[in-house]
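**Student:** I have a structure here, written as structure tokens, and I will follow up with some questions on it.
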Amino acid sequence: MICLYAPAKTPAAIVEQLNRESVRVLRSPEVKERLFNSGAEVVANSPREFAAYMKADMQKMGKVIKDAGIRAE
């Protein structure tokens, strides 16, 4: 997974512009082909959709880690 992050409290207009431009690049035929050929699946979603995905994934993986008894050394 390749993700683009910005510092906390980045103005919404900047976040929207970063998202808009990254989606534009990800949808270009050359970039799509390069990513596809490397085995990547392109998912260009909104910052809100990405935040929801990350929250759900952290909850899921947190449970897996806890249930497996995994601890940091």
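Just remember, in the structure tokens the first chain shown is A, the second B, etc., residues are 1-based per chain, and ligands are 1-based in the order shown.
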List the spatial neighbours of segment 2-11 of chain A as a list in words - criterion: any atom at most 9 Å away, only C-alpha atoms, same-chain residues fewer than 4 positions off excluded.

**Tutor:**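 Counting only the stated atoms, we get Val15, Glu16, Leu18, Asn19, Ser22 and Phe50 of chain A.
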
**Student:** Quick one: residues within 10 Å of Met1 of chain A, only C-alpha atoms, excluding same-chain residues fewer than 6 positions away - as a tab-separated table (two decimals) with C-alpha atoms, in the first residue's frame?

**Tutor:**
chain	number	residue	atom	x	y	z
A	40	ALA	CA	-0.19	-2.97	-7.29
A	41	GLU	CA	-3.88	-2.23	-7.38
A	42	VAL	CA	-4.69	1.46	-7.77
A	43	VAL	CA	-7.33	2.74	-5.38

**Student:** Closest to Pro47 of chain A among A:Ala72, A:Leu26, A:Ala12, A:Val64, using only C-alpha atoms?

**Tutor:** A:Ala12

**Student:** To test your reading of the structure, identify every residue in chain A that backbone DSSP assigns to helix (DSSP H, G or I), and report it as a VMD selection string.

**Tutor:** chain A and resid 12 to 26 29 to 37 47 to 68

**Student:** Between atom CA of Glu33 of chain A and atom CA of Arg20 of chain A, what is the spacing in Å?

**Tutor:**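 So the two atoms, atom CA of Arg20 of chain A and atom CA of Glu33 of chain A, lie 19.6 Å apart.
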